[in-house]
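S.K.: Sharing my_file_25.txt below, compact mmCIF, C-alpha atoms:
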# COMPACT_ATOMS: atom_id res chain seq x y z
CA MET A 8 -31.09 0.92 -119.70
CA SER A 9 -28.18 0.18 -117.38
CA LEU A 10 -25.01 -0.96 -119.08
CA TYR A 11 -21.78 -2.17 -117.49
CA VAL A 12 -18.35 -3.01 -118.84
CA ASP A 13 -16.80 -5.81 -116.80
CA LEU A 14 -13.04 -6.32 -116.92
CA SER A 15 -11.36 -9.49 -115.66
CA ALA A 16 -7.68 -10.44 -115.89
CA LEU A 17 -5.32 -13.19 -114.79
CA GLN A 18 -1.79 -12.00 -114.09
CA SER A 19 1.23 -13.94 -112.89
CA VAL A 20 3.45 -11.87 -110.59
CA PRO A 21 6.88 -13.14 -109.44
CA ALA A 22 8.57 -12.27 -106.15
CA ALA A 23 7.14 -8.90 -105.09
CA ASN A 24 5.39 -7.01 -102.34
CA LEU A 25 2.87 -4.97 -104.30
CA ASN A 26 0.77 -3.94 -101.30
CA ARG A 27 1.92 -4.09 -97.67
CA ASP A 28 -0.02 -4.26 -94.43
CA ASP A 29 0.86 -2.29 -91.29
CA LEU A 30 3.70 -4.73 -90.50
CA GLY A 31 5.21 -4.62 -93.98
CA SER A 32 3.92 -8.04 -95.00
CA PRO A 33 2.05 -8.68 -98.26
CA LYS A 34 -1.67 -8.33 -97.61
CA GLN A 35 -3.64 -11.56 -97.35
CA VAL A 36 -7.19 -12.87 -97.43
CA GLN A 37 -8.72 -16.25 -96.61
CA TYR A 38 -10.92 -17.43 -99.48
CA GLY A 39 -12.35 -20.91 -99.55
CA SER A 40 -10.08 -23.08 -97.43
CA ALA A 41 -6.86 -21.38 -98.44
CA PRO A 42 -4.88 -18.26 -97.57
CA ARG A 43 -4.31 -16.00 -100.58
CA ILE A 44 -2.10 -13.01 -101.26
CA ARG A 45 -4.19 -9.87 -101.82
CA VAL A 46 -3.62 -6.48 -103.43
CA SER A 47 -6.07 -3.81 -102.30
CA SER A 48 -8.27 -2.01 -104.80
CA GLN A 49 -6.96 1.34 -103.55
CA SER A 50 -3.41 0.33 -104.45
CA TRP A 51 -4.26 -0.64 -108.01
CA LYS A 52 -6.77 2.21 -108.50
CA ARG A 53 -4.13 4.82 -107.79
CA VAL A 54 -1.78 3.69 -110.55
CA ILE A 55 -4.72 3.25 -112.95
CA ARG A 56 -5.90 6.79 -112.18
CA GLN A 57 -2.46 8.23 -112.77
CA GLY A 58 -2.27 6.47 -116.13
CA VAL A 59 -5.68 7.81 -117.20
CA GLU A 60 -4.63 11.32 -116.18
CA ARG A 61 -1.44 11.07 -118.22
CA ASP A 62 -3.42 9.94 -121.26
CA LEU A 63 -5.89 12.81 -120.97
CA GLY A 64 -3.40 15.46 -119.89
CA GLU A 65 -5.46 16.55 -116.89
CA ARG A 66 -3.91 15.90 -113.51
CA ALA A 67 -5.84 15.66 -110.26
CA ALA A 68 -4.52 15.48 -106.72
CA ARG A 69 -5.88 13.77 -103.64
CA THR A 70 -4.31 15.89 -100.92
CA ARG A 71 -4.50 17.80 -97.65
CA LEU A 72 -1.90 20.31 -98.83
CA VAL A 73 -4.08 22.82 -100.71
CA PRO A 74 -3.36 25.66 -98.21
CA VAL A 75 0.36 24.84 -98.31
CA LYS A 76 0.51 24.72 -102.11
CA LEU A 77 -1.45 27.96 -102.31
CA ARG A 78 0.92 29.64 -99.87
CA GLN A 79 3.86 28.55 -102.01
CA ALA A 80 2.19 29.84 -105.19
CA LEU A 81 1.45 33.22 -103.64
CA MET A 82 4.98 33.56 -102.23
CA LYS A 83 6.32 32.82 -105.71
CA ALA A 84 4.12 35.69 -106.92
CA GLY A 85 5.75 38.01 -104.40
CA TRP A 86 3.42 37.81 -101.41
CA PRO A 87 4.90 38.00 -97.87
CA GLU A 88 5.02 34.55 -96.27
CA GLU A 89 2.64 35.37 -93.40
CA LEU A 90 0.02 36.86 -95.71
CA ALA A 91 0.37 33.95 -98.13
CA ALA A 92 -0.11 31.45 -95.28
CA PHE A 93 -3.15 33.40 -94.05
CA ALA A 94 -4.63 33.34 -97.56
CA GLY A 95 -4.15 29.57 -97.72
CA ALA A 96 -5.98 29.13 -94.43
CA GLN A 97 -8.72 31.46 -95.65
CA VAL A 98 -9.35 29.31 -98.71
CA ALA A 99 -10.16 26.41 -96.38
CA ALA A 100 -12.16 28.62 -93.99
CA SER A 101 -14.19 30.12 -96.86
CA ALA A 102 -15.15 26.82 -98.49
CA GLY A 103 -18.91 26.43 -98.29
CA LYS A 104 -21.05 27.60 -95.40
CA LYS A 105 -18.93 26.30 -92.54
CA GLY A 106 -15.51 26.00 -94.13
CA ILE A 107 -13.00 23.17 -93.95
CA GLY A 108 -10.86 22.81 -90.84
CA THR A 109 -7.09 23.19 -90.92
CA GLU A 110 -4.39 21.81 -88.63
CA THR A 111 -1.25 23.39 -87.18
CA ALA A 112 0.91 22.49 -90.18
CA GLY A 113 -1.56 24.22 -92.49
CA HIS A 114 -3.02 20.98 -93.81
CA THR A 115 -6.76 20.61 -94.26
CA SER A 116 -8.37 18.22 -91.78
CA VAL A 117 -9.71 16.10 -94.65
CA LEU A 118 -8.39 14.92 -97.99
CA LEU A 119 -9.52 16.95 -100.98
CA PHE A 120 -9.62 15.57 -104.52
CA LEU A 121 -9.39 18.31 -107.14
CA PRO A 122 -7.74 19.25 -110.44
CA GLU A 123 -4.16 20.48 -110.04
CA THR A 124 -5.16 23.61 -111.97
CA ALA A 125 -7.32 24.60 -108.99
CA ILE A 126 -4.29 26.06 -107.18
CA GLY A 127 -3.85 28.71 -109.88
CA GLU A 128 -7.57 29.52 -109.81
CA LEU A 129 -7.56 29.86 -106.02
CA ALA A 130 -4.49 32.09 -106.21
CA ALA A 131 -6.34 34.34 -108.66
CA VAL A 132 -9.25 34.69 -106.21
CA CYS A 133 -6.79 35.62 -103.45
CA GLU A 134 -5.22 38.27 -105.70
CA GLU A 135 -8.65 39.80 -106.32
CA HIS A 136 -9.33 39.97 -102.57
CA ARG A 137 -5.82 40.77 -101.36
CA GLY A 138 -7.01 43.96 -99.67
CA ASP A 139 -9.61 42.07 -97.63
CA LEU A 140 -6.99 39.52 -96.64
CA GLU A 141 -4.51 42.20 -95.56
CA THR A 142 -7.21 43.91 -93.48
CA GLY A 143 -8.42 40.69 -91.87
CA GLN A 144 -4.99 39.24 -91.18
CA SER A 145 -4.68 41.02 -87.84
CA LYS A 146 -8.17 40.11 -86.64
CA LYS A 147 -8.63 37.35 -84.09
CA LYS A 148 -11.78 36.05 -85.81
CA PRO A 149 -11.62 37.28 -89.39
CA GLY A 150 -14.50 35.14 -90.64
CA GLN A 151 -14.79 34.24 -94.31
CA LEU A 152 -12.86 36.85 -96.29
CA LEU A 153 -13.06 35.08 -99.66
CA PRO A 154 -16.34 34.49 -101.56
CA PRO A 155 -17.55 31.02 -100.43
CA ALA A 156 -19.48 30.36 -103.62
CA ARG A 157 -16.39 30.87 -105.82
CA ILE A 158 -14.14 28.80 -103.56
CA GLU A 159 -16.68 25.99 -103.50
CA GLU A 160 -17.07 26.17 -107.27
CA ILE A 161 -13.33 25.70 -107.75
CA LEU A 162 -13.11 22.84 -105.24
CA LYS A 163 -16.06 21.15 -106.95
CA ARG A 164 -14.38 21.09 -110.37
CA ARG A 165 -13.92 17.65 -111.91
CA THR A 166 -11.44 15.91 -114.10
CA ALA A 167 -12.23 12.76 -116.05
CA SER A 168 -10.54 10.66 -113.36
CA ILE A 169 -12.79 12.21 -110.69
CA SER A 170 -15.82 11.46 -112.87
CA LEU A 171 -14.53 7.91 -113.27
CA LEU A 172 -13.49 7.07 -109.70
CA GLY A 173 -15.65 9.44 -107.66
CA ARG A 174 -15.11 11.87 -104.81
CA MET A 175 -16.55 12.11 -101.31
CA LEU A 176 -16.29 15.28 -99.20
CA ALA A 177 -18.69 15.58 -96.29
CA GLU A 178 -17.81 19.24 -95.74
CA LEU A 179 -18.96 20.12 -99.28
CA PRO A 180 -21.78 17.68 -100.11
CA ASP A 181 -22.35 19.26 -103.53
CA ALA A 182 -18.79 18.29 -104.44
CA ASN A 183 -19.51 14.58 -104.01
CA VAL A 184 -19.28 12.44 -107.15
CA ASP A 185 -20.51 8.86 -107.34
CA GLY A 186 -17.74 7.12 -109.22
CA ALA A 187 -18.61 5.19 -112.36
CA ALA A 188 -15.88 2.57 -111.79
CA GLN A 189 -15.61 -0.11 -109.14
CA VAL A 190 -12.36 -2.02 -108.60
CA ALA A 191 -12.10 -5.26 -106.63
CA HIS A 192 -9.23 -6.44 -104.45
CA ALA A 193 -6.98 -8.71 -106.48
CA PHE A 194 -6.17 -12.12 -104.97
CA THR A 195 -4.23 -15.21 -105.94
CA THR A 196 -6.18 -17.99 -107.61
CA HIS A 197 -4.33 -20.54 -105.50
CA ALA A 198 -3.08 -20.90 -101.95
CA SER A 199 -0.16 -18.58 -101.29
CA GLU A 200 1.56 -17.14 -98.25
CA PRO A 201 4.32 -14.55 -97.67
CA GLN A 202 7.93 -15.68 -97.64
CA ARG A 203 10.77 -14.08 -95.70
CA ASP A 204 13.87 -12.64 -97.29
CA TYR A 205 17.03 -12.12 -95.20
CA PHE A 206 19.22 -9.50 -96.81
CA THR A 207 22.39 -7.52 -96.12
CA ALA A 208 23.91 -4.33 -97.48
CA VAL A 209 27.67 -4.01 -97.86
CA ASP A 210 29.53 -0.95 -96.55
CA ASP A 211 31.80 -0.08 -99.47
CA TRP A 212 34.27 1.85 -97.31
CA LEU A 213 35.03 -0.80 -94.74
CA GLY A 214 38.73 -1.58 -94.44
CA GLU A 215 40.12 -4.82 -95.82
CA ALA A 216 40.55 -6.23 -92.33
CA GLU A 217 36.98 -5.37 -91.32
CA THR A 218 34.23 -7.88 -91.91
CA GLY A 219 30.48 -7.84 -91.66
CA SER A 220 27.78 -5.83 -93.38
CA GLY A 221 26.73 -2.25 -93.08
CA HIS A 222 23.09 -3.26 -92.65
CA LEU A 223 21.06 -6.44 -92.34
CA ASP A 224 17.33 -7.02 -92.08
CA THR A 225 14.47 -9.20 -93.22
CA ALA A 226 11.67 -8.37 -95.61
CA GLU A 227 8.68 -10.29 -96.94
CA PHE A 228 7.53 -10.95 -100.46
CA SER A 229 5.09 -13.21 -102.29
CA SER A 230 4.29 -14.52 -105.74
CA GLY A 231 1.31 -15.94 -107.55
CA VAL A 232 -1.33 -15.72 -110.26
CA PHE A 233 -3.82 -12.98 -109.43
CA TYR A 234 -7.46 -12.68 -110.44
CA ARG A 235 -8.29 -9.00 -111.02
CA TYR A 236 -11.72 -7.46 -111.65
CA ALA A 237 -13.25 -4.04 -112.25
CA THR A 238 -16.49 -2.74 -113.70
CA VAL A 239 -17.63 0.58 -115.16
CA ASN A 240 -21.23 1.83 -115.12
CA VAL A 241 -21.49 3.36 -118.59
CA ALA A 242 -24.56 5.48 -117.86
CA ASP A 243 -22.94 6.94 -114.74
CA LEU A 244 -19.76 7.72 -116.66
CA VAL A 245 -21.66 9.57 -119.39
CA LYS A 246 -23.70 11.43 -116.75
CA ASN A 247 -20.58 12.42 -114.78
CA LEU A 248 -19.06 13.71 -118.05
CA GLU A 249 -22.17 15.84 -118.62
CA GLY A 250 -23.45 13.72 -121.47
CA ASP A 251 -20.27 13.78 -123.55
CA ARG A 252 -20.30 10.30 -125.12
CA LYS A 253 -17.12 10.92 -127.10
CA ALA A 254 -15.25 11.78 -123.90
CA ALA A 255 -16.80 8.72 -122.23
CA ARG A 256 -15.41 6.48 -125.00
CA THR A 257 -11.95 7.95 -124.49
CA VAL A 258 -12.07 7.61 -120.72
CA LEU A 259 -13.45 4.07 -120.85
CA ALA A 260 -10.76 2.94 -123.31
CA SER A 261 -8.03 4.57 -121.21
CA PHE A 262 -9.34 2.96 -118.03
CA ALA A 263 -9.43 -0.47 -119.69
CA GLU A 264 -5.90 -0.09 -121.03
CA HIS A 265 -4.44 0.95 -117.68
CA PHE A 266 -6.41 -1.71 -115.84
CA LEU A 267 -4.55 -4.26 -117.96
CA MET A 268 -1.16 -2.55 -118.29
CA SER A 269 -0.58 -1.04 -114.84
CA LEU A 270 1.09 -2.47 -111.76
CA PRO A 271 1.34 -1.02 -108.23
CA GLN A 272 4.76 0.53 -107.70
CA ALA A 273 5.61 -0.69 -104.18
CA LYS A 274 9.20 -1.97 -103.86
CA LYS A 275 9.58 -1.92 -107.65
CA ASN A 276 13.31 -1.11 -107.50
CA SER A 277 14.10 -4.22 -105.48
CA THR A 278 11.71 -6.65 -107.22
CA ALA A 279 10.95 -5.31 -110.76
CA PRO A 280 7.84 -7.51 -111.12
CA HIS A 281 6.83 -5.98 -114.46
CA THR A 282 4.54 -8.66 -115.91
CA LEU A 283 1.34 -8.35 -117.94
CA PRO A 284 -1.90 -10.33 -117.70
CA ASP A 285 -1.81 -13.49 -119.78
CA LEU A 286 -5.60 -13.48 -120.09
CA ALA A 287 -8.02 -10.55 -120.32
CA TYR A 288 -11.81 -10.94 -120.52
CA LEU A 289 -14.16 -8.01 -121.17
CA ALA A 290 -17.94 -8.20 -121.17
CA VAL A 291 -20.66 -5.61 -121.73
CA ARG A 292 -23.65 -6.44 -119.55
CA GLU A 293 -27.13 -5.10 -119.04
CA GLN A 294 -28.91 -5.01 -115.65
CA ARG A 295 -25.88 -5.68 -113.39
CA PRO A 296 -22.13 -6.31 -113.36
CA LEU A 297 -20.74 -9.79 -112.79
CA SER A 298 -17.40 -10.74 -111.21
CA LEU A 299 -15.98 -14.18 -111.93
CA ALA A 300 -14.05 -14.32 -108.64
CA ALA A 301 -16.06 -17.36 -107.50
CA ALA A 302 -14.20 -19.40 -110.13
CA PHE A 303 -11.38 -19.50 -107.58
CA GLU A 304 -13.28 -20.09 -104.33
CA ALA A 305 -11.76 -23.56 -104.54
CA PRO A 306 -8.03 -22.84 -104.91
CA VAL A 307 -6.43 -23.86 -108.17
CA THR A 308 -3.83 -26.61 -107.96
CA ALA A 309 -0.64 -26.67 -110.03
CA ASP A 310 -0.62 -28.60 -113.28
CA ALA A 311 1.90 -31.28 -114.25
CA THR A 312 4.52 -28.64 -115.04
CA GLY A 313 4.12 -27.05 -111.61
CA GLY A 314 2.49 -23.86 -112.85
CA TYR A 315 -0.74 -22.12 -111.85
CA ALA A 316 -1.27 -19.91 -114.91
CA ARG A 317 -2.70 -22.51 -117.31
CA PRO A 318 -5.07 -24.15 -114.78
CA SER A 319 -6.19 -20.66 -113.69
CA ARG A 320 -7.12 -19.82 -117.28
CA ALA A 321 -8.97 -23.12 -117.59
CA ALA A 322 -10.84 -22.52 -114.32
CA LEU A 323 -11.93 -19.03 -115.37
CA ALA A 324 -13.08 -20.18 -118.81
CA GLY A 325 -14.95 -23.16 -117.35
CA TYR A 326 -16.69 -21.08 -114.70
CA ALA A 327 -17.68 -18.42 -117.24
CA GLY A 328 -19.16 -21.13 -119.46
CA ASN A 329 -21.27 -22.43 -116.58
CA ILE A 330 -22.44 -18.90 -115.76
CA ASN A 331 -23.43 -18.47 -119.40
CA ARG A 332 -25.42 -21.70 -119.20
CA LEU A 333 -27.23 -20.52 -116.07
CA THR A 334 -28.09 -17.11 -117.47
CA GLY A 335 -28.77 -18.28 -121.00
CA ASP A 336 -26.37 -15.65 -122.33
CA ARG A 337 -29.03 -13.01 -121.72
CA HIS A 338 -28.34 -9.33 -121.08
CA ARG A 339 -24.78 -9.51 -122.44
CA PRO A 340 -24.47 -7.84 -125.84
CA PHE A 341 -20.71 -8.43 -126.01
CA HIS A 342 -17.98 -10.54 -124.49
CA GLY A 343 -14.52 -11.45 -125.67
CA HIS A 344 -11.01 -12.29 -124.56
CA ALA A 345 -7.35 -12.00 -125.48
CA THR A 346 -4.84 -14.52 -124.23
CA ILE A 347 -1.16 -15.36 -124.38
CA ALA A 348 -2.14 -18.94 -125.31
CA PRO A 349 -4.31 -18.74 -128.45
CA ASP A 350 -4.16 -22.52 -128.81
CA GLU A 351 -6.36 -22.88 -125.70
CA GLN A 352 -10.04 -23.00 -126.62
CA MET A 353 -12.15 -20.72 -124.39
CA PRO A 354 -15.71 -20.57 -125.79
CA GLY A 355 -17.02 -19.49 -122.39
CA LEU A 356 -15.05 -16.25 -122.74
CA GLY A 357 -16.59 -15.16 -126.03
CA THR A 358 -14.82 -14.05 -129.19
CA ALA A 359 -11.04 -14.40 -129.23
CA HIS A 360 -9.06 -11.24 -130.09
CA ASP A 361 -5.41 -11.11 -131.04
CA SER A 362 -4.48 -8.20 -128.77
CA PHE A 363 -5.60 -6.17 -125.78
CA ASP A 364 -6.09 -3.18 -128.08
CA ALA A 365 -8.48 -5.06 -130.35
CA LEU A 366 -10.40 -6.42 -127.37
CA ILE A 367 -10.76 -2.98 -125.76
CA GLU A 368 -11.82 -1.37 -129.03
CA ALA A 369 -14.54 -3.99 -129.55
CA ALA A 370 -15.84 -3.64 -125.98
CA VAL A 371 -15.93 0.17 -126.11
CA GLU A 372 -17.75 0.10 -129.45
CA ALA A 373 -20.34 -2.31 -128.02
CA ALA A 374 -20.87 -0.17 -124.90
CA LEU A 375 -20.72 3.26 -126.56
CA PRO A 376 -21.19 3.00 -130.34
CA GLU A 377 -19.46 5.80 -132.17
CA THR A 378 -22.74 6.71 -133.84
CA GLY A 379 -26.25 6.13 -132.60
CA GLU A 380 -27.53 5.04 -129.21
CA GLN A 381 -26.23 2.22 -127.04
CA GLN A 382 -27.08 -1.18 -128.41
Can I see the file as structure tokens?

M.R.:
Amino acid sequence: MSLYVDLSALQSVPAANLNRDDLGSPKQVQYGSAPRIRVSSQSWKRVIRQGVERDLGERAARTRLVPVKLRQALMKAGWPEELAAFAGAQVAASAGKKGIGTETAGHTSVLLFLPETAIGELAAVCEEHRGDLETGQSKKKPGQLLPPARIEEILKRRTASISLLGRMLAELPDANVDGAAQVAHAFTTHASEPQRDYFTAVDDWLGEAETGSGHLDTAEFSSGVFYRYATVNVADLVKNLEGDRKAARTVLASFAEHFLMSLPQAKKNSTAPHTLPDLAYLAVREQRPLSLAAAFEAPVTADATGGYARPSRAALAGYAGNINRLTGDRHRPFHGHATIAPDEQMPGLGTAHDSFDALIEAAVEAALPETGEQQ
């Protein structure tokens, strides 16, 4: 039986630029009749992944710098720089049947996603085959001097975050991992557009008679209430973790916590937009996941106080109630919410919980009971 944990959140963010386009403006999307501010899934996934890795104590890196990092590790171990650089290139050349291409700076031609511990393991393989590397260094076409099967095995290693978010590497198809989690682009529940900020920087060492600024420029920022959504395929997560249900519970709980508690770090020093969601809704569903984004296809309008947060919560709760009516509450063994406004009645969002922690614990227990099979 397929089982999914859906996570929805409403989060008010003040003046910020969480995710910029190629011109430095906050990203946008047209939804319904209104322009909205958007934050890409990639931007939010990165900070979620880093939080999960901190929790579990197993770091992974998405990088093209494996040959460079390996060269540095070997030089630290006393290898000559040229031999160390050759070994780094050989790791890429010896990966799989055809190898992975490298560029002039020593970077791989594609991004790799692997545990940070892989650099030490690759260095150990190079130490074992140092003689072969020294012999082949002077050859114009040295071929694959390191055992391809061992190099591929190391590059295929997974961390929990790789099992959660997936990995795609065309050069090593066996290293591909279908991620268990999907993360949607966040967008404002109401019409919103970027605003321009003219700013100056003072030169502290200008003389008293000198006027003007040391620097002036314009930047863009935005604000709004964002609808955020993600879903985790529980069966895929357990499969990617080789059947370890206990590990899957830990990873799922960590993902849910960092989905709610994280914030992209762009321009944080100049905006400090460190808010939290004021409403979180988690549901465990059978058959298929369900986003509630359509609750905001018609943009929310401000209430009498001028705010968007309260009407956004009402719109989400109302839409969820109508979805429940249409589906007859079938194929949903659990749903619940936690909100900053416990006085607001939200029967469409299931059982009310006092805290994010309590909500996450209940959802994880429903999806992956500590004992026995999934409900």

S.K.: Set the distance at 8 Å and use all atoms listed in the file: which residues neighbour region 296-301 of chain A once local chain neighbours fewer than 4 positions away are removed? I'd like the list as JSON, numbers by chain.

M.R.: {"A": [11, 12, 13, 15, 234, 236, 237, 238, 292, 323, 326, 327]}

S.K.: Would you list the residues near (-15.0, -10.2, -127.4) (no more than 7 Å away, in the coordinates of the file, using all atoms listed in the file) as a ChimeraX atom specification?

M.R.: /A:289,341-344,357-360,366,369-370

S.K.: Quick one: write out the picked residues with C-alpha atoms as an mmCIF file, in the frame of the given file?

M.R.:
data_model
loop_
_atom_site.group_PDB
_atom_site.id
_atom_site.type_symbol
_atom_site.label_atom_id
_atom_site.label_comp_id
_atom_site.auth_asym_id
_atom_site.auth_seq_id
_atom_site.Cartn_x
_atom_site.Cartn_y
_atom_site.Cartn_z
ATOM 1 C CA LEU A 289 -14.160 -8.010 -121.170
ATOM 2 C CA PHE A 341 -20.710 -8.430 -126.010
ATOM 3 C CA HIS A 342 -17.980 -10.540 -124.490
ATOM 4 C CA GLY A 343 -14.520 -11.450 -125.670
ATOM 5 C CA HIS A 344 -11.010 -12.290 -124.560
ATOM 6 C CA GLY A 357 -16.590 -15.160 -126.030
ATOM 7 C CA THR A 358 -14.820 -14.050 -129.190
ATOM 8 C CA ALA A 359 -11.040 -14.400 -129.230
ATOM 9 C CA HIS A 360 -9.060 -11.240 -130.090
ATOM 10 C CA LEU A 366 -10.400 -6.420 -127.370
ATOM 11 C CA ALA A 369 -14.540 -3.990 -129.550
ATOM 12 C CA ALA A 370 -15.840 -3.640 -125.980
#

S.K.: Dump as a ChimeraX atom specification all residues having an atom at most 12 Å from (2.4, -23.5, -115.5), computed in the file's coordinates with only C-alpha atoms.

M.R.: /A:19,231-232,285,307-321,348

S.K.: Between A:Gln151, A:Ser170, A:Thr115, A:Ser9, which has the minimum distance to Ala100 (chain A) (counting all atoms listed in the file)?

M.R.: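 Between A:Gln151, A:Ser170, A:Thr115, A:Ser9, the residue approaching Ala100 (chain A) most closely is A:Gln151.
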
S.K.: Please indicate the distance in Å from CA of Lys34 (chain A) to CA of Lys275 (chain A), rounded to one decimal place.

M.R.: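 Pair CA of Lys34 (chain A) / CA of Lys275 (chain A) returns 16.4 Å.
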
S.K.: Using all atoms listed in the file, can you tell me which of A:Val20, A:Arg157, A:Ser145, A:Arg256 comes closest to Ala279 (chain A)?

M.R.: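 So, comparing all the options, the nearest one is A:Val20.
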
S.K.: Write out as number ranges by chain each polymer residue whose atoms come within 12 Å of Arg78 (chain A), counting all atoms listed in the file; drop sequence neighbours fewer than 5 positions from it.

M.R.: A: 72-73, 83-98, 113-114, 126-127, 129-130, 133

S.K.: Determine the nearest neighbour of Ala287 (chain A) from the options A:Val75, A:Val117, A:Leu248, A:Leu356, counting only C-alpha atoms.

M.R.: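 Among the listed residues, the smallest separation from Ala287 (chain A) belongs to A:Leu356.
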
S.K.: What is the CA of Leu153 (chain A)-CA of Gly106 (chain A) distance in Å, reported with one decimal?

M.R.: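 If I compute the distance from CA of Leu153 (chain A) to CA of Gly106 (chain A), I get 10.9 Å.
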
S.K.: Name the closest residue to Leu17 (chain A) among the candidates A:Ala373, A:Ala156, A:Ala302, A:Ala67; distances are taken between atoms, counting only C-alpha atoms.

M.R.: A:Ala302

S.K.: Name the closest residue to Ala324 (chain A) among the candidates A:Leu286, A:Val291, A:Leu119, A:Ala68; distances are taken between atoms, counting all atoms listed in the file.

M.R.: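 Selected residue with least distance to Ala324 (chain A): A:Leu286.
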